[in-house]
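Below is target.cif, which holds mmCIF, C-alpha atoms.
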```
data_target
loop_
_atom_site.group_PDB
_atom_site.id
_atom_site.type_symbol
_atom_site.label_atom_id
_atom_site.label_comp_id
_atom_site.auth_asym_id
_atom_site.auth_seq_id
_atom_site.Cartn_x
_atom_site.Cartn_y
_atom_site.Cartn_z
ATOM 1 C CA MET A 1 0.000 0.000 0.000
ATOM 2 C CA PHE A 2 2.842 2.436 0.845
ATOM 3 C CA ASN A 3 5.424 0.879 -1.448
ATOM 4 C CA LYS A 4 7.751 3.128 -3.384
ATOM 5 C CA PRO A 5 7.656 2.778 -7.172
ATOM 6 C CA THR A 6 10.368 0.471 -8.475
ATOM 7 C CA GLN A 7 10.733 2.234 -11.812
ATOM 8 C CA PRO A 8 12.468 5.595 -12.082
ATOM 9 C CA PRO A 9 10.296 8.500 -13.202
ATOM 10 C CA PRO A 10 10.432 9.263 -16.923
ATOM 11 C CA GLN A 11 13.002 11.859 -17.879
ATOM 12 C CA HIS A 12 12.234 14.783 -20.149
ATOM 13 C CA ALA A 13 13.836 14.292 -23.552
ATOM 14 C CA ALA A 14 15.108 17.384 -25.327
ATOM 15 C CA ASP A 15 12.992 18.416 -28.298
ATOM 16 C CA PRO A 16 15.251 18.502 -31.379
ATOM 17 C CA ASN A 17 12.967 21.144 -32.935
ATOM 18 C CA GLU A 18 13.311 23.448 -29.929
ATOM 19 C CA THR A 19 15.249 26.597 -30.821
ATOM 20 C CA ILE A 20 17.529 28.525 -28.542
ATOM 21 C CA ALA A 21 18.458 32.098 -29.317
ATOM 22 C CA GLY A 22 22.108 32.234 -30.230
ATOM 23 C CA PRO A 23 24.511 34.181 -32.379
ATOM 24 C CA VAL A 24 24.046 34.346 -36.114
ATOM 25 C CA GLY A 25 26.458 32.593 -38.450
ATOM 26 C CA ALA A 26 29.287 30.178 -37.780
ATOM 27 C CA SER A 27 29.342 30.955 -34.048
ATOM 28 C CA GLU A 28 25.812 29.572 -33.664
ATOM 29 C CA LYS A 29 27.082 25.991 -33.861
ATOM 30 C CA GLN A 30 29.642 26.667 -31.140
ATOM 31 C CA PHE A 31 27.032 28.425 -28.995
ATOM 32 C CA MET A 32 24.675 25.455 -29.352
ATOM 33 C CA ALA A 33 27.512 23.067 -28.538
ATOM 34 C CA ASP A 34 28.301 25.098 -25.398
ATOM 35 C CA LEU A 35 24.648 24.986 -24.336
ATOM 36 C CA ASN A 36 24.038 21.331 -25.156
ATOM 37 C CA SER A 37 27.273 19.908 -23.768
ATOM 38 C CA THR A 38 26.530 16.752 -21.788
ATOM 39 C CA ALA A 39 29.922 16.627 -20.091
ATOM 40 C CA SER A 40 28.544 18.140 -16.892
ATOM 41 C CA PRO A 41 25.270 19.541 -15.589
ATOM 42 C CA LYS A 42 24.328 22.985 -16.910
ATOM 43 C CA ASN A 43 22.358 25.747 -15.287
ATOM 44 C CA THR A 44 20.652 28.108 -17.718
ATOM 45 C CA LEU A 45 19.133 31.543 -17.210
ATOM 46 C CA ALA A 46 16.917 32.209 -20.239
ATOM 47 C CA ASN A 47 16.736 35.506 -22.101
ATOM 48 C CA ASP A 48 13.573 36.598 -20.250
ATOM 49 C CA VAL A 49 15.268 36.388 -16.822
ATOM 50 C CA GLU A 50 16.491 39.507 -15.011
ATOM 51 C CA ILE A 51 18.499 39.191 -11.806
ATOM 52 C CA LYS A 52 19.811 41.877 -9.457
ATOM 53 C CA GLY A 53 22.208 40.403 -6.947
ATOM 54 C CA SER A 54 25.137 38.032 -6.795
ATOM 55 C CA ILE A 55 25.178 34.580 -8.393
ATOM 56 C CA LYS A 56 27.391 31.753 -7.140
ATOM 57 C CA PHE A 57 27.530 28.395 -8.917
ATOM 58 C CA GLN A 58 29.655 25.254 -8.895
ATOM 59 C CA GLN A 59 29.644 23.594 -12.338
ATOM 60 C CA ASP A 60 28.499 25.414 -15.491
ATOM 61 C CA LEU A 61 26.167 28.356 -16.009
ATOM 62 C CA SER A 62 24.709 29.802 -19.203
ATOM 63 C CA VAL A 63 23.221 33.279 -18.960
ATOM 64 C CA ASP A 64 21.123 34.686 -21.784
ATOM 65 C CA GLY A 65 19.203 37.287 -19.748
ATOM 66 C CA LYS A 66 20.154 40.367 -17.754
ATOM 67 C CA VAL A 67 22.252 40.163 -14.607
ATOM 68 C CA GLU A 68 23.248 43.097 -12.424
ATOM 69 C CA GLY A 69 25.751 41.990 -9.801
ATOM 70 C CA GLU A 70 28.686 39.673 -9.267
ATOM 71 C CA ILE A 71 28.852 36.227 -10.888
ATOM 72 C CA SER A 72 31.385 33.929 -9.224
ATOM 73 C CA SER A 73 32.477 30.319 -9.182
ATOM 74 C CA PRO A 74 35.822 28.828 -8.142
ATOM 75 C CA ASN A 75 35.485 25.835 -10.515
ATOM 76 C CA GLY A 76 32.709 26.797 -12.916
ATOM 77 C CA MET A 77 32.555 27.702 -16.553
ATOM 78 C CA LEU A 78 30.317 30.604 -17.594
ATOM 79 C CA VAL A 79 28.712 31.201 -20.997
ATOM 80 C CA VAL A 80 27.330 34.700 -21.553
ATOM 81 C CA GLY A 81 24.790 34.250 -24.368
ATOM 82 C CA GLN A 82 24.074 36.516 -27.330
ATOM 83 C CA ASN A 83 21.071 38.183 -25.658
ATOM 84 C CA ALA A 84 22.809 38.490 -22.278
ATOM 85 C CA GLU A 85 23.765 41.719 -20.598
ATOM 86 C CA VAL A 86 25.899 41.398 -17.481
ATOM 87 C CA ARG A 87 26.629 44.491 -15.386
ATOM 88 C CA GLY A 88 29.073 43.502 -12.683
ATOM 89 C CA GLU A 89 32.164 41.506 -11.872
ATOM 90 C CA ILE A 90 32.749 37.993 -13.254
ATOM 91 C CA LYS A 91 35.120 35.725 -11.312
ATOM 92 C CA THR A 92 35.158 32.146 -12.618
ATOM 93 C CA LYS A 93 37.421 29.381 -13.867
ATOM 94 C CA SER A 94 36.649 30.220 -17.509
ATOM 95 C CA VAL A 95 34.179 32.329 -19.496
ATOM 96 C CA THR A 96 32.908 32.494 -23.075
ATOM 97 C CA VAL A 97 31.195 35.765 -24.011
ATOM 98 C CA TYR A 98 28.751 36.064 -26.913
ATOM 99 C CA GLY A 99 26.798 39.032 -25.498
ATOM 100 C CA ARG A 100 27.578 42.173 -23.476
ATOM 101 C CA VAL A 101 29.562 42.507 -20.255
ATOM 102 C CA HIS A 102 29.993 45.826 -18.435
ATOM 103 C CA GLY A 103 32.437 45.046 -15.640
ATOM 104 C CA ASN A 104 35.717 43.341 -14.915
ATOM 105 C CA ILE A 105 36.387 39.697 -15.726
ATOM 106 C CA THR A 106 38.851 37.620 -13.702
ATOM 107 C CA VAL A 107 39.263 33.981 -14.757
ATOM 108 C CA ASP A 108 41.792 31.352 -13.745
ATOM 109 C CA GLU A 109 42.033 29.682 -17.134
ATOM 110 C CA ARG A 110 40.470 30.857 -20.420
ATOM 111 C CA CYS A 111 38.438 33.837 -21.599
ATOM 112 C CA GLU A 112 36.877 33.836 -25.071
ATOM 113 C CA LEU A 113 35.278 36.887 -26.661
ATOM 114 C CA LYS A 114 33.221 35.684 -29.615
ATOM 115 C CA ALA A 115 32.530 37.658 -32.811
ATOM 116 C CA ASN A 116 29.646 39.833 -31.515
ATOM 117 C CA ALA A 117 30.819 40.060 -27.896
ATOM 118 C CA GLN A 118 31.226 43.397 -26.130
ATOM 119 C CA LEU A 119 33.387 43.757 -23.024
ATOM 120 C CA HIS A 120 33.677 47.129 -21.301
ATOM 121 C CA GLY A 121 35.982 46.483 -18.373
ATOM 122 C CA ASP A 122 39.330 45.048 -17.384
ATOM 123 C CA LEU A 123 40.303 41.441 -17.944
ATOM 124 C CA LYS A 124 42.664 39.065 -16.107
ATOM 125 C CA SER A 125 43.146 35.591 -17.537
ATOM 126 C CA ALA A 126 45.710 32.876 -18.202
ATOM 127 C CA ARG A 127 44.579 32.600 -21.854
ATOM 128 C CA LEU A 128 42.630 35.040 -24.006
ATOM 129 C CA VAL A 129 40.887 34.488 -27.354
ATOM 130 C CA ILE A 130 39.316 37.441 -29.162
ATOM 131 C CA GLU A 131 37.475 36.732 -32.405
ATOM 132 C CA GLU A 132 37.254 39.267 -35.220
ATOM 133 C CA GLY A 133 34.268 41.543 -34.664
ATOM 134 C CA ALA A 134 34.417 41.465 -30.853
ATOM 135 C CA THR A 135 34.635 44.754 -28.947
ATOM 136 C CA PHE A 136 36.959 45.041 -25.951
ATOM 137 C CA VAL A 137 37.375 48.359 -24.146
ATOM 138 C CA GLY A 138 39.613 48.088 -21.118
ATOM 139 C CA LYS A 139 42.933 46.709 -19.915
ATOM 140 C CA SER A 140 44.003 43.099 -20.148
ATOM 141 C CA GLU A 141 46.448 41.115 -18.064
ATOM 142 C CA VAL A 142 47.247 37.747 -19.581
ATOM 143 C CA THR A 143 49.511 35.519 -17.501
ATOM 144 C CA PRO A 144 49.898 32.188 -19.286
ATOM 145 C CA ASN A 145 52.217 30.711 -16.652
ATOM 146 C CA LYS A 146 50.334 31.132 -13.406
ATOM 147 C CA VAL A 147 53.226 29.625 -11.473
ATOM 148 C CA THR A 148 53.604 31.496 -8.255
ATOM 149 C CA GLN A 149 56.933 33.186 -8.350
ATOM 150 C CA MET A 150 58.520 32.881 -4.953
ATOM 151 C CA LYS A 151 61.574 34.769 -3.871
ATOM 152 C CA PRO A 152 64.358 32.496 -2.689
ATOM 153 C CA GLU A 153 64.713 32.527 1.024
ATOM 154 C CA ILE A 154 68.015 32.360 2.818
ATOM 155 C CA LEU A 155 67.784 29.751 5.510
ATOM 156 C CA ARG A 156 70.319 29.883 8.276
ATOM 157 C CA GLN A 157 71.177 26.908 10.333
ATOM 158 C CA PRO A 158 71.321 27.446 14.110
ATOM 159 C CA ASP A 159 75.118 26.968 14.100
ATOM 160 C CA GLN A 160 75.499 29.592 11.347
ATOM 161 C CA GLN A 161 74.099 32.456 13.404
ATOM 162 C CA PRO A 162 76.481 35.403 13.718
ATOM 163 C CA LYS A 163 78.359 35.284 16.996
ATOM 164 C CA ALA A 164 78.889 38.278 19.156
ATOM 165 C CA VAL A 165 82.478 39.064 19.879
ATOM 166 C CA ALA A 166 83.153 39.891 23.503
ATOM 167 C CA ALA A 167 85.495 42.753 24.017
ATOM 168 C CA GLY A 168 87.910 42.292 26.853
ATOM 169 C CA ARG A 169 89.333 45.087 28.996
#
```
Render the structure in this file as structure tokens.
Amino acid sequence: MFNKPTQPPPQHAADPNETIAGPVGASEKQFMADLNSTASPKNTLANDVEIKGSIKFQQDLSVDGKVEGEISSPNGMLVVGQNAEVRGEIKTKSVTVYGRVHGNITVDERCELKANAQLHGDLKSARLVIEEGATFVGKSEVTPNKVTQMKPEILRQPDQQPKAVAAGR
């Protein structure tokens, strides 16, 4: 009477005829591939979504709406869609921009500005790809070798400490 069902609930299959707003031309295939990647779970904010506040995520996030505030993730990959407008800081592992960003971007690995992308802000990244037709107004700092440069330290052994000389009278 109170038994749990033994079969898993049916899963929603993606409609192959369903269209997602993306960039026009050759970039559309890449945009669709970014959105439909099955490598890891995706979170998507559609083009009719507007958010004011900070967003934190763990895996992947696709934004095609308007966001005003910080977007951050220590391990995540962000896709800013063609219809997206982000006003605020972006701090993620990597980002691909198809739309508009007004704010600074700081990524640990790779930043891609696609053909119709607009970035008005500073950029810090290990790798940077800017396609022809993209607009970038700001400063960039690209550090491909993110090896922490440490200054050599001089270690003295206890027996190597300078000894005080006693003056005799």
For Ser125 (chain A), the nearest of the candidates A:Arg110, A:Lys52, A:Lys66, A:Lys139, counting all atoms listed in the file: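 Using all atoms listed in the file, Ser125 (chain A) sits closest to A:Arg110.
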Residue IDs satisfying the PyMOL selection byres ((chain A and resi 130-136) around 6), as a list in words: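 Output of the PyMOL selection byres ((chain A and resi 130-136) around 6): Glu112, Leu113, Lys114, Ala115, Asn116, Ala117, Gln118, Leu119, Val129 and Val137 of chain A.
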Close residues, Leu61 (chain A) itself excluded, 8 Å, only C-alpha atoms, min 5 positions apart in chain, as an MDAnalysis selection string: chainID A and resid 42:45 76:79
Selection result of the PyMOL selection byres ((chain A and resi 64) around 10) on this file, as a list in words: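 Evaluating the PyMOL selection byres ((chain A and resi 64) around 10) on this file yields Ile20, Ala21, Gly22, Thr44, Leu45, Ala46, Asn47, Asp48, Val49, Glu50, Leu61, Ser62, Val63, Gly65, Lys66, Val67, Val79, Val80, Gly81, Gln82, Asn83, Ala84, Glu85, Val86, Tyr98 and Gly99 of chain A.
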d(CA of Ile105 (chain A), CA of Gly53 (chain A)) in Å: 16.7 Å
Explicit residue set for the PyMOL selection byres ((chain A and resi 90) around 8), as a PyMOL selection string: chain A and resi 70-72+88-89+91-92+103-107
